[in-house]
Structure formats: structure tokens, C-alpha cells
>>> print(open('start-v4.cif').read())   # mmCIF, C-alpha atoms
data_structure
loop_
_atom_site.label_atom_id
_atom_site.label_comp_id
_atom_site.auth_asym_id
_atom_site.auth_seq_id
_atom_site.Cartn_x
_atom_site.Cartn_y
_atom_site.Cartn_z
CA MET I 1 26.26 11.57 30.39
CA ALA I 2 23.58 8.94 29.88
CA LYS I 3 24.38 6.25 27.36
CA LYS I 4 22.50 6.76 24.08
CA THR I 5 20.10 3.90 23.27
CA ASP I 6 20.77 2.04 20.03
CA PHE I 7 17.41 2.25 18.23
CA LYS I 8 18.34 -0.71 16.01
CA LYS I 9 18.21 -2.92 19.09
CA ARG I 10 14.77 -1.57 20.05
CA PRO I 11 12.14 -2.55 17.43
CA GLN I 12 9.60 -0.20 18.99
CA ASP I 13 11.84 2.73 18.01
CA GLN I 14 12.54 1.63 14.42
CA ILE I 15 11.03 3.53 11.53
CA PHE I 16 11.37 2.07 8.03
CA THR I 17 11.54 4.32 4.99
CA LEU I 18 10.13 2.28 2.11
CA HIS I 19 10.09 2.99 -1.61
CA ILE I 20 7.16 1.24 -3.31
CA SER I 21 7.13 0.91 -7.09
CA LEU I 22 4.38 -0.73 -9.16
CA GLU I 23 6.08 -3.00 -11.68
CA ASP I 24 5.43 -3.08 -15.46
CA VAL I 25 3.73 0.34 -15.44
CA SER I 26 5.02 3.39 -17.34
CA PRO I 27 5.34 6.15 -16.35
CA SER I 28 6.29 4.83 -12.93
CA VAL I 29 3.68 4.75 -10.17
CA TRP I 30 5.62 4.95 -6.92
CA ARG I 31 5.34 6.05 -3.30
CA ARG I 32 7.73 6.72 -0.43
CA LEU I 33 6.48 5.77 3.00
CA MET I 34 7.71 5.90 6.60
CA VAL I 35 6.20 3.19 8.79
CA PRO I 36 6.96 1.70 12.23
CA GLY I 37 8.90 -1.54 12.17
CA LEU I 38 6.48 -3.08 14.67
CA PHE I 39 3.59 -2.85 12.20
CA THR I 40 2.46 -6.33 11.21
CA LEU I 41 2.44 -7.27 7.54
CA ASP I 42 -1.35 -7.33 7.71
CA LYS I 43 -1.31 -3.73 8.94
CA LEU I 44 1.31 -2.79 6.32
CA HIS I 45 -1.05 -4.17 3.67
CA SER I 46 -3.74 -1.70 4.79
CA VAL I 47 -1.23 1.15 4.73
CA LEU I 48 -0.07 0.22 1.22
CA GLN I 49 -3.67 0.09 0.00
CA MET I 50 -4.24 3.66 1.16
CA VAL I 51 -0.89 5.00 -0.01
CA MET I 52 -1.13 3.44 -3.47
CA GLY I 53 -4.85 4.06 -3.99
CA TRP I 54 -6.25 0.51 -4.03
CA GLN I 55 -9.61 -0.40 -2.53
CA MET I 56 -9.11 -3.53 -0.40
CA SER I 57 -10.99 -5.63 -2.96
CA HIS I 58 -8.68 -8.61 -3.57
CA ARG I 59 -6.32 -11.10 -1.98
CA TYR I 60 -2.65 -10.32 -1.46
CA ASP I 61 0.66 -11.68 -0.25
CA PHE I 62 4.22 -10.64 0.55
CA GLU I 63 7.39 -12.29 -0.73
CA ILE I 64 10.23 -11.74 1.74
CA ASN I 65 13.49 -13.66 2.08
CA LYS I 66 12.19 -16.41 -0.21
CA GLU I 67 9.18 -16.88 2.08
CA ARG I 68 5.54 -16.22 1.25
CA TYR I 69 3.39 -14.41 3.82
CA ALA I 70 -0.35 -14.68 3.19
CA ALA I 71 -3.72 -15.54 4.67
CA PRO I 72 -4.15 -19.34 4.81
CA ASP I 73 -6.00 -20.81 1.85
CA ASP I 74 -7.11 -24.37 1.11
CA PHE I 75 -5.67 -24.12 -2.39
CA ASP I 76 -2.14 -23.22 -1.30
CA GLU I 77 0.28 -25.98 -2.30
CA THR I 78 3.00 -24.74 0.02
CA LYS I 79 2.85 -23.56 3.61
CA VAL I 80 2.59 -19.80 4.04
CA LYS I 81 3.92 -17.70 6.90
CA SER I 82 1.69 -15.56 9.09
CA LEU I 83 0.80 -11.97 8.24
CA ALA I 84 0.96 -11.31 11.99
CA ALA I 85 4.76 -11.10 11.66
CA SER I 86 6.12 -7.60 12.16
CA LEU I 87 7.91 -5.74 9.40
CA THR I 88 11.13 -5.84 11.45
CA ALA I 89 10.93 -9.59 12.10
CA ALA I 90 10.06 -10.52 8.52
CA VAL I 91 12.48 -8.26 6.63
CA LYS I 92 15.50 -8.61 8.93
CA GLU I 93 18.50 -7.50 6.79
CA GLN I 94 16.68 -7.82 3.47
CA LYS I 95 16.76 -4.65 1.36
CA THR I 96 14.09 -5.60 -1.18
CA PHE I 97 10.82 -7.52 -0.97
CA PHE I 98 7.55 -7.75 -2.90
CA TYR I 99 3.87 -7.09 -2.28
CA ASN I 100 1.42 -8.77 -4.67
CA TYR I 101 -2.18 -7.60 -4.92
CA ASP I 102 -5.10 -9.00 -6.95
CA PHE I 103 -3.95 -12.35 -8.32
CA GLY I 104 -6.14 -11.83 -11.40
CA ASP I 105 -4.72 -8.48 -12.53
CA SER I 106 -1.38 -9.42 -10.94
CA TRP I 107 -0.22 -6.12 -9.51
CA ARG I 108 3.34 -6.59 -8.21
CA HIS I 109 4.95 -3.93 -6.05
CA LYS I 110 8.69 -3.82 -5.49
CA ILE I 111 9.45 -2.49 -2.01
CA THR I 112 12.93 -1.22 -1.20
CA VAL I 113 14.07 -0.53 2.35
CA GLU I 114 15.86 2.79 1.90
CA GLU I 115 16.59 3.50 5.55
CA ILE I 116 15.88 2.37 9.09
CA GLN I 117 16.03 5.24 11.54
CA ALA I 118 14.94 6.23 15.03
CA ARG I 119 11.40 7.40 15.67
CA ASP I 120 11.03 11.18 15.53
CA GLU I 121 8.29 12.45 17.84
CA ALA I 122 7.63 15.31 15.42
CA PHE I 123 6.23 12.82 12.87
CA ASN I 124 2.84 11.14 12.81
CA TYR I 125 3.41 7.58 11.57
CA PRO I 126 2.69 6.07 9.12
CA ILE I 127 3.35 8.93 6.72
CA CYS I 128 3.60 9.24 2.94
CA ILE I 129 6.48 11.55 2.02
CA GLY I 130 6.61 11.23 -1.76
CA GLY I 131 5.28 9.66 -4.91
CA GLU I 132 4.24 10.15 -8.51
CA ASN I 133 1.26 9.26 -10.68
CA ALA I 134 -2.11 7.72 -9.96
CA CYS I 135 -2.78 4.13 -9.07
CA PRO I 136 -4.59 2.14 -11.79
CA PRO I 137 -8.34 1.64 -11.31
CA GLU I 138 -9.29 -1.69 -9.80
CA ASP I 139 -10.08 -4.53 -12.25
CA CYS I 140 -8.74 -2.71 -15.31
CA GLY I 141 -6.91 -5.79 -16.61
CA GLY I 142 -3.44 -5.47 -15.14
CA ALA I 143 -0.61 -3.47 -16.68
CA PRO I 144 -1.67 -4.12 -20.34
CA GLY I 145 -5.25 -3.16 -19.55
CA PHE I 146 -4.13 -0.02 -17.76
CA ASP I 147 -2.05 1.07 -20.77
CA GLU I 148 -5.03 0.53 -23.05
CA LEU I 149 -7.35 2.37 -20.68
CA LYS I 150 -5.10 5.43 -20.61
CA LYS I 151 -4.88 5.50 -24.41
CA THR I 152 -8.65 5.20 -24.74
CA LEU I 153 -9.37 7.96 -22.24
CA ALA I 154 -6.86 10.27 -23.94
CA ASP I 155 -8.41 9.74 -27.38
CA LYS I 156 -11.85 11.35 -27.48
CA LYS I 157 -12.38 9.90 -30.97
CA SER I 158 -11.85 6.36 -29.76
CA PHE I 159 -14.83 4.05 -30.23
CA ASP I 160 -14.64 3.02 -26.56
CA HIS I 161 -13.86 6.46 -25.11
CA GLN I 162 -17.31 7.24 -23.71
CA GLU I 163 -17.83 3.75 -22.32
CA MET I 164 -14.47 3.73 -20.53
CA LEU I 165 -14.97 7.27 -19.28
CA GLN I 166 -18.23 6.17 -17.72
CA TRP I 167 -16.56 3.05 -16.32
CA VAL I 168 -13.98 5.13 -14.38
CA GLY I 169 -16.72 7.40 -13.06
CA GLY I 170 -16.31 10.30 -15.48
CA TYR I 171 -12.78 11.41 -14.62
CA PHE I 172 -9.33 9.88 -14.29
CA ASP I 173 -6.04 11.79 -14.24
CA PRO I 174 -3.12 9.32 -14.52
CA LYS I 175 -0.70 12.00 -13.27
CA SER I 176 -2.63 12.68 -10.09
CA PHE I 177 -0.90 12.29 -6.71
CA ASP I 178 -1.45 14.16 -3.44
CA ALA I 179 0.57 13.08 -0.39
CA ASN I 180 -1.18 15.67 1.78
CA ARG I 181 -4.56 14.12 1.08
CA ILE I 182 -3.26 10.58 1.64
CA ASN I 183 -1.87 11.58 5.03
CA ARG I 184 -4.59 13.92 6.23
CA ASP I 185 -7.71 12.16 4.93
CA MET I 186 -6.59 8.54 5.20
CA LEU I 187 -3.47 7.48 7.11
CA TRP I 188 -3.88 9.94 9.97
CA MET I 189 -7.60 9.23 10.34
CA ILE I 190 -6.92 5.66 11.42
CA ASP I 191 -6.43 4.42 14.96
CA TRP I 192 -3.61 1.99 14.14
CA ASN I 193 -3.41 0.82 17.75
CA ARG I 194 -6.82 -0.87 17.52
CA GLU I 195 -7.44 -4.31 16.09
CA PRO I 196 -9.12 -4.44 12.64
CA ASN I 197 -12.81 -5.28 12.37
CA ASP I 198 -14.23 -8.57 11.04
CA GLN I 199 -13.63 -7.39 7.45
CA GLY I 200 -9.97 -6.67 8.18
CA LEU I 201 -10.42 -2.89 8.11
CA TYR I 202 -8.57 -0.59 10.50
CA LEU I 203 -11.08 2.02 11.61
CA PRO I 204 -10.86 5.79 12.17
CA PHE I 205 -10.52 7.19 15.66
CA ASN I 206 -14.26 7.84 15.76
CA GLY I 207 -14.90 4.22 14.74
CA GLU I 208 -17.02 5.10 11.72
CA GLU I 209 -16.24 2.53 9.03
CA SER I 210 -18.36 4.33 6.43
CA GLU I 211 -16.11 7.39 6.49
CA LEU I 212 -13.04 5.26 5.78
CA ARG I 213 -14.70 3.50 2.85
CA ASN I 214 -15.92 6.81 1.44
CA GLY I 215 -12.39 8.19 1.64
CA MET I 216 -10.92 5.19 -0.19
CA ASP I 217 -13.58 5.19 -2.91
CA SER I 218 -13.47 8.90 -3.68
#
>>> encode(input="start-v4.cif", output="C-alpha cells")
Amino acid sequence: MAKKTDFKKRPQDQIFTLHISLEDVSPSVWRRLMVPGLFTLDKLHSVLQMVMGWQMSHRYDFEINKERYAAPDDFDETKVKSLAASLTAAVKEQKTFFYNYDFGDSWRHKITVEEIQARDEAFNYPICIGGENACPPEDCGGAPGFDELKKTLADKKSFDHQEMLQWVGGYFDPKSFDANRINRDMLWMIDWNREPNDQGLYLPFNGEESELRNGMDS
């Protein structure tokens, strides 16, 4: 009988199951994601944007093992580590790390490594396998602003109701979440084996950037 390969010793076979929770938001906005361990942190950022519902509009970083991974910036007071590091290499044995997005609104995501398992050929990775509630709209003022926005939209007698309704485009359901749509219309459209374009976007298999942007903005 052939000796069974230990997938933990082969990074190319490792699949991470991650639980992502947006901090300081109630009710909880969370997602569960399965992603290859060889994905770079830069690529993981793009996956998280799609899974959560963000729009690639702001800077970001990761905090892992007391190290900061980010794009180099002239204003950084401390040296940052490269986003080209793979998920496997950066996380190592760490069970929890953080993803920060939009340093103005300060959206902080707690990411928990729930499991590392062998690749299953029946799955199309990355894949969203769970979650609850809608991501806040971009530039709504962080967690306090999001709370206020939800109250205003729910109260049709509010002085600001019509203005805020128009600001979100006419409709916003804070309970909305559809893993099927995230997988089918976003994650599985992307050719993750290709390099991103000059804007840092990973493009669909047909290479049409406009379709990806339309999917993220809808």
C-alpha cells in the first residue's frame, strides 16, 4: 500500500477554513471561507473584499503574529512585511489574526483559523460556505455611523430618512446574505492563477474588468 502523503507538509494541498467577523458591529456580520494556503495575503485581501461585500476602495493591512503586512508607504514609522507572503507562511501556527480595511472608518476583521485540511477536488476554491448579515456600505462612518444609518433607514419618519435612502441607492437590507451569489457571481468568476492588473484587481476568466466591477458594485 502506498504511503499516504501528509498534506500539512505540502502547502499546495492545504486548505484553510477561516471565520471572519467584523468587530464592533451588532448583529454580527460574519463569513466562513475556505481558501488555499498558498494564496498570498494580497490575493486573500481580494477574496475578503468579495466575501464581505467591500468595494476595493481603501487601503488595508493584516496583523499576524505581531507583524504588520501592508503595501509600503512613506508615512509608515515601522517596517512592514510583504503582502506577497502566502497565508501558510504568514500564519504558521497562529489561530487568530486581523484584517484592517479603510483606516478612516477603521473596519477591523477578526479572522480565526478553524481548520486546515487537505484539498478536496470536489470543491472550487476559494469558496464561501457560510455567513450572516450584510456588509456596511462604504464610507458610512465606521461602526457608529453604520448603527445610525440602520436606525435612520428603519425609521421612515426620520428627518434624514429620504436623504440616507438615496445615499445607499434606494435599498439596503442589513440582514441580506447570499453565499451562492458570492461564489457563483464573484469568487468563481475570477482566474486566481493570473497576476492582478495595474489596479490590483484579479480579473475574470474572460479578462473583462468591467464585469467584475459591476458585480462588486451591484
>>> closest_residue(input="start-v4.cif", among="I:Val35, I:Ala122, I:Ala154, I:Val29", to="I:Gly53", atoms="only C-alpha atoms")
I:Val29
>>> closest_residue(input="start-v4.cif", among="I:Asp173, I:Thr40, I:Cys140, I:Arg184", to="I:Leu153", atoms="only C-alpha atoms")
I:Asp173
>>> resolve_selection(input="start-v4.cif", expression="the PyMOL selection byres ((chain I and resi 27) around 12)", output="number ranges by chain")
I: 21-26, 28-30, 131-136, 143, 146-147, 150, 174-175
>>> residues_around(input="start-v4.cif", residues="stretch 63-71 of chain I", least_positions_apart="6", cutoff="8 Å", atoms="all atoms listed in the file", output="mmCIF file with C-alpha atoms, in the frame of the given file")
data_model
loop_
_atom_site.group_PDB
_atom_site.id
_atom_site.type_symbol
_atom_site.label_atom_id
_atom_site.label_comp_id
_atom_site.auth_asym_id
_atom_site.auth_seq_id
_atom_site.Cartn_x
_atom_site.Cartn_y
_atom_site.Cartn_z
ATOM 1 C CA VAL I 80 2.590 -19.800 4.040
ATOM 2 C CA LYS I 81 3.920 -17.700 6.900
ATOM 3 C CA SER I 82 1.690 -15.560 9.090
ATOM 4 C CA LEU I 83 0.800 -11.970 8.240
ATOM 5 C CA ALA I 90 10.060 -10.520 8.520
ATOM 6 C CA VAL I 91 12.480 -8.260 6.630
ATOM 7 C CA GLN I 94 16.680 -7.820 3.470
ATOM 8 C CA THR I 96 14.090 -5.600 -1.180
ATOM 9 C CA PHE I 97 10.820 -7.520 -0.970
ATOM 10 C CA PHE I 98 7.550 -7.750 -2.900
ATOM 11 C CA TYR I 99 3.870 -7.090 -2.280
ATOM 12 C CA ASN I 100 1.420 -8.770 -4.670
#
>>> closest_residue(input="start-v4.cif", among="I:Thr78, I:Asn124, I:Ser86, I:Gln199", to="I:Leu38", atoms="all atoms listed in the file")
I:Ser86
>>> resolve_selection(input="start-v4.cif", expression="the PyMOL selection byres ((chain I and resi 200) around 10)", output="number ranges by chain")
I: 42-43, 46, 56, 195-199, 201-203
>>> write_last_selection(input="start-v4.cif", atoms="C-alpha atoms", output="PDB file, keeping the file's coordinate frame")
ATOM      1  CA  ASP I  42      -1.350  -7.330   7.710  1.00  0.00           C
ATOM      2  CA  LYS I  43      -1.310  -3.730   8.940  1.00  0.00           C
ATOM      3  CA  SER I  46      -3.740  -1.700   4.790  1.00  0.00           C
ATOM      4  CA  MET I  56      -9.110  -3.530  -0.400  1.00  0.00           C
ATOM      5  CA  GLU I 195      -7.440  -4.310  16.090  1.00  0.00           C
ATOM      6  CA  PRO I 196      -9.120  -4.440  12.640  1.00  0.00           C
ATOM      7  CA  ASN I 197     -12.810  -5.280  12.370  1.00  0.00           C
ATOM      8  CA  ASP I 198     -14.230  -8.570  11.040  1.00  0.00           C
ATOM      9  CA  GLN I 199     -13.630  -7.390   7.450  1.00  0.00           C
ATOM     10  CA  LEU I 201     -10.420  -2.890   8.110  1.00  0.00           C
ATOM     11  CA  TYR I 202      -8.570  -0.590  10.500  1.00  0.00           C
ATOM     12  CA  LEU I 203     -11.080   2.020  11.610  1.00  0.00           C
TER      13      LEU I 203
END
>>> atom_distance(input="start-v4.cif", atom1="atom CA of I:Phe16", atom2="atom CA of I:Met52")
17.0 Å
>>> closest_residue(input="start-v4.cif", among="I:Phe39, I:Phe75, I:Phe123, I:Tyr60", to="I:Phe103", atoms="all atoms listed in the file")
I:Tyr60
>>> closest_residue(input="start-v4.cif", among="I:Ser158, I:Thr112, I:Ser176, I:Asn193", to="I:Pro126", atoms="all atoms listed in the file")
I:Asn193
>>> closest_residue(input="start-v4.cif", among="I:Met189, I:Arg32, I:Pro137, I:Ile111", to="I:Met164", atoms="only C-alpha atoms")
I:Pro137
>>> resolve_selection(input="start-v4.cif", expression="the PyMOL selection byres ((chain I and resi 117) around 7)", output="PyMOL selection string")
chain I and resi 14-16+115-116+118-119
>>> atom_distance(input="start-v4.cif", atom1="atom CA of I:Gln12", atom2="atom CA of I:Pro72")
27.5 Å
>>> residues_around(input="start-v4.cif", residues="I:Glu138", least_positions_apart="5", cutoff="10 Å", atoms="all atoms listed in the file", output="short mmCIF file (atom, residue, chain, number, x, y, z; two decimals) with C-alpha atoms, in the frame of the given file")
data_model
loop_
_atom_site.label_atom_id
_atom_site.label_comp_id
_atom_site.auth_asym_id
_atom_site.auth_seq_id
_atom_site.Cartn_x
_atom_site.Cartn_y
_atom_site.Cartn_z
CA GLY I 53 -4.85 4.06 -3.99
CA TRP I 54 -6.25 0.51 -4.03
CA GLN I 55 -9.61 -0.40 -2.53
CA MET I 56 -9.11 -3.53 -0.40
CA SER I 57 -10.99 -5.63 -2.96
CA HIS I 58 -8.68 -8.61 -3.57
CA ASP I 102 -5.10 -9.00 -6.95
CA ASP I 105 -4.72 -8.48 -12.53
CA PHE I 146 -4.13 -0.02 -17.76
CA VAL I 168 -13.98 5.13 -14.38
#
>>> atom_distance(input="start-v4.cif", atom1="atom CA of I:Gly37", atom2="atom CA of I:Asp76")
27.8 Å
>>> decode(input="start-v4.cif", residues="stretch 85-124 of chain I", atoms="N, CA and C atoms", output="PDB file, in the first residue's frame")
ATOM      1  N   ALA I  85       3.622  37.406   0.895  1.00  0.00           N
ATOM      2  CA  ALA I  85       3.724  36.202   1.730  1.00  0.00           C
ATOM      3  C   ALA I  85       2.460  35.368   1.585  1.00  0.00           C
ATOM      4  N   SER I  86       2.618  34.059   1.580  1.00  0.00           N
ATOM      5  CA  SER I  86       1.448  33.186   1.497  1.00  0.00           C
ATOM      6  C   SER I  86       0.741  33.113   2.846  1.00  0.00           C
ATOM      7  N   LEU I  87      -0.512  32.734   2.812  1.00  0.00           N
ATOM      8  CA  LEU I  87      -1.284  32.547   4.039  1.00  0.00           C
ATOM      9  C   LEU I  87      -0.594  31.537   4.949  1.00  0.00           C
ATOM     10  N   THR I  88      -0.135  30.427   4.390  1.00  0.00           N
ATOM     11  CA  THR I  88       0.544  29.394   5.170  1.00  0.00           C
ATOM     12  C   THR I  88       1.798  29.930   5.844  1.00  0.00           C
ATOM     13  N   ALA I  89       2.629  30.650   5.078  1.00  0.00           N
ATOM     14  CA  ALA I  89       3.896  31.153   5.612  1.00  0.00           C
ATOM     15  C   ALA I  89       3.686  32.218   6.676  1.00  0.00           C
ATOM     16  N   ALA I  90       2.684  33.080   6.497  1.00  0.00           N
ATOM     17  CA  ALA I  90       2.467  34.172   7.436  1.00  0.00           C
ATOM     18  C   ALA I  90       1.808  33.698   8.732  1.00  0.00           C
ATOM     19  N   VAL I  91       0.812  32.836   8.619  1.00  0.00           N
ATOM     20  CA  VAL I  91       0.028  32.436   9.793  1.00  0.00           C
ATOM     21  C   VAL I  91       0.769  31.405  10.645  1.00  0.00           C
ATOM     22  N   LYS I  92       1.455  30.488   9.988  1.00  0.00           N
ATOM     23  CA  LYS I  92       2.158  29.406  10.699  1.00  0.00           C
ATOM     24  C   LYS I  92       1.187  28.699  11.647  1.00  0.00           C
ATOM     25  N   GLU I  93       1.472  28.725  12.975  1.00  0.00           N
ATOM     26  CA  GLU I  93       0.613  28.042  13.944  1.00  0.00           C
ATOM     27  C   GLU I  93      -0.412  28.964  14.588  1.00  0.00           C
ATOM     28  N   GLN I  94      -0.429  30.220  14.150  1.00  0.00           N
ATOM     29  CA  GLN I  94      -1.343  31.201  14.744  1.00  0.00           C
ATOM     30  C   GLN I  94      -2.790  30.833  14.449  1.00  0.00           C
ATOM     31  N   LYS I  95      -3.660  30.975  15.443  1.00  0.00           N
ATOM     32  CA  LYS I  95      -5.064  30.624  15.269  1.00  0.00           C
ATOM     33  C   LYS I  95      -5.943  31.834  14.971  1.00  0.00           C
ATOM     34  N   THR I  96      -5.444  33.026  15.316  1.00  0.00           N
ATOM     35  CA  THR I  96      -6.222  34.241  15.122  1.00  0.00           C
ATOM     36  C   THR I  96      -5.334  35.343  14.558  1.00  0.00           C
ATOM     37  N   PHE I  97      -5.857  36.084  13.582  1.00  0.00           N
ATOM     38  CA  PHE I  97      -5.164  37.270  13.082  1.00  0.00           C
ATOM     39  C   PHE I  97      -6.201  38.293  12.645  1.00  0.00           C
ATOM     40  N   PHE I  98      -5.743  39.470  12.196  1.00  0.00           N
ATOM     41  CA  PHE I  98      -6.672  40.563  11.923  1.00  0.00           C
ATOM     42  C   PHE I  98      -6.426  41.168  10.540  1.00  0.00           C
ATOM     43  N   TYR I  99      -7.534  41.584   9.935  1.00  0.00           N
ATOM     44  CA  TYR I  99      -7.526  42.262   8.642  1.00  0.00           C
ATOM     45  C   TYR I  99      -8.199  43.617   8.837  1.00  0.00           C
ATOM     46  N   ASN I 100      -7.456  44.685   8.601  1.00  0.00           N
ATOM     47  CA  ASN I 100      -7.977  46.041   8.763  1.00  0.00           C
ATOM     48  C   ASN I 100      -8.195  46.673   7.397  1.00  0.00           C
ATOM     49  N   TYR I 101      -9.362  47.291   7.228  1.00  0.00           N
ATOM     50  CA  TYR I 101      -9.714  47.893   5.945  1.00  0.00           C
ATOM     51  C   TYR I 101     -10.282  49.287   6.173  1.00  0.00           C
ATOM     52  N   ASP I 102      -9.834  50.245   5.361  1.00  0.00           N
ATOM     53  CA  ASP I 102     -10.274  51.638   5.418  1.00  0.00           C
ATOM     54  C   ASP I 102      -9.859  52.258   6.756  1.00  0.00           C
ATOM     55  N   PHE I 103      -8.699  52.876   6.766  1.00  0.00           N
ATOM     56  CA  PHE I 103      -8.139  53.416   8.006  1.00  0.00           C
ATOM     57  C   PHE I 103      -8.907  54.642   8.509  1.00  0.00           C
ATOM     58  N   GLY I 104      -9.830  55.160   7.703  1.00  0.00           N
ATOM     59  CA  GLY I 104     -10.699  56.244   8.153  1.00  0.00           C
ATOM     60  C   GLY I 104     -11.878  55.709   8.947  1.00  0.00           C
ATOM     61  N   ASP I 105     -12.633  54.785   8.333  1.00  0.00           N
ATOM     62  CA  ASP I 105     -13.769  54.159   9.017  1.00  0.00           C
ATOM     63  C   ASP I 105     -13.328  53.074   9.993  1.00  0.00           C
ATOM     64  N   SER I 106     -12.112  52.591   9.826  1.00  0.00           N
ATOM     65  CA  SER I 106     -11.497  51.627  10.755  1.00  0.00           C
ATOM     66  C   SER I 106     -12.305  50.333  10.904  1.00  0.00           C
ATOM     67  N   TRP I 107     -12.468  49.641   9.790  1.00  0.00           N
ATOM     68  CA  TRP I 107     -13.133  48.345   9.843  1.00  0.00           C
ATOM     69  C   TRP I 107     -12.109  47.265  10.179  1.00  0.00           C
ATOM     70  N   ARG I 108     -12.306  46.599  11.305  1.00  0.00           N
ATOM     71  CA  ARG I 108     -11.368  45.578  11.793  1.00  0.00           C
ATOM     72  C   ARG I 108     -12.055  44.217  11.772  1.00  0.00           C
ATOM     73  N   HIS I 109     -11.450  43.281  11.083  1.00  0.00           N
ATOM     74  CA  HIS I 109     -11.992  41.939  10.947  1.00  0.00           C
ATOM     75  C   HIS I 109     -11.140  40.965  11.747  1.00  0.00           C
ATOM     76  N   LYS I 110     -11.769  40.214  12.613  1.00  0.00           N
ATOM     77  CA  LYS I 110     -11.081  39.151  13.324  1.00  0.00           C
ATOM     78  C   LYS I 110     -11.198  37.875  12.513  1.00  0.00           C
ATOM     79  N   ILE I 111     -10.065  37.265  12.197  1.00  0.00           N
ATOM     80  CA  ILE I 111     -10.049  36.053  11.387  1.00  0.00           C
ATOM     81  C   ILE I 111      -9.528  34.896  12.227  1.00  0.00           C
ATOM     82  N   THR I 112     -10.327  33.863  12.339  1.00  0.00           N
ATOM     83  CA  THR I 112      -9.973  32.680  13.115  1.00  0.00           C
ATOM     84  C   THR I 112      -9.740  31.499  12.178  1.00  0.00           C
ATOM     85  N   VAL I 113      -8.598  30.857  12.346  1.00  0.00           N
ATOM     86  CA  VAL I 113      -8.318  29.638  11.581  1.00  0.00           C
ATOM     87  C   VAL I 113      -9.037  28.487  12.271  1.00  0.00           C
ATOM     88  N   GLU I 114     -10.117  28.024  11.673  1.00  0.00           N
ATOM     89  CA  GLU I 114     -10.917  26.964  12.295  1.00  0.00           C
ATOM     90  C   GLU I 114     -10.365  25.575  11.982  1.00  0.00           C
ATOM     91  N   GLU I 115      -9.780  25.442  10.796  1.00  0.00           N
ATOM     92  CA  GLU I 115      -9.292  24.116  10.388  1.00  0.00           C
ATOM     93  C   GLU I 115      -8.334  24.265   9.208  1.00  0.00           C
ATOM     94  N   ILE I 116      -7.370  23.385   9.154  1.00  0.00           N
ATOM     95  CA  ILE I 116      -6.519  23.244   7.972  1.00  0.00           C
ATOM     96  C   ILE I 116      -6.672  21.802   7.506  1.00  0.00           C
ATOM     97  N   GLN I 117      -7.119  21.623   6.281  1.00  0.00           N
ATOM     98  CA  GLN I 117      -7.414  20.288   5.798  1.00  0.00           C
ATOM     99  C   GLN I 117      -6.857  20.090   4.398  1.00  0.00           C
ATOM    100  N   ALA I 118      -6.944  18.867   3.904  1.00  0.00           N
ATOM    101  CA  ALA I 118      -6.450  18.563   2.572  1.00  0.00           C
ATOM    102  C   ALA I 118      -7.422  19.072   1.512  1.00  0.00           C
ATOM    103  N   ARG I 119      -6.871  19.458   0.385  1.00  0.00           N
ATOM    104  CA  ARG I 119      -7.685  19.887  -0.754  1.00  0.00           C
ATOM    105  C   ARG I 119      -8.629  18.770  -1.184  1.00  0.00           C
ATOM    106  N   ASP I 120      -9.874  19.130  -1.440  1.00  0.00           N
ATOM    107  CA  ASP I 120     -10.874  18.198  -1.936  1.00  0.00           C
ATOM    108  C   ASP I 120     -11.185  18.601  -3.376  1.00  0.00           C
ATOM    109  N   GLU I 121     -10.930  17.715  -4.319  1.00  0.00           N
ATOM    110  CA  GLU I 121     -11.095  18.035  -5.733  1.00  0.00           C
ATOM    111  C   GLU I 121     -12.547  18.317  -6.108  1.00  0.00           C
ATOM    112  N   ALA I 122     -13.476  17.980  -5.210  1.00  0.00           N
ATOM    113  CA  ALA I 122     -14.887  18.267  -5.486  1.00  0.00           C
ATOM    114  C   ALA I 122     -15.228  19.740  -5.270  1.00  0.00           C
ATOM    115  N   PHE I 123     -14.327  20.482  -4.598  1.00  0.00           N
ATOM    116  CA  PHE I 123     -14.576  21.884  -4.273  1.00  0.00           C
ATOM    117  C   PHE I 123     -13.864  22.809  -5.248  1.00  0.00           C
ATOM    118  N   ASN I 124     -14.483  23.943  -5.492  1.00  0.00           N
ATOM    119  CA  ASN I 124     -13.887  25.009  -6.292  1.00  0.00           C
ATOM    120  C   ASN I 124     -13.443  26.105  -5.323  1.00  0.00           C
TER     121      ASN I 124
END
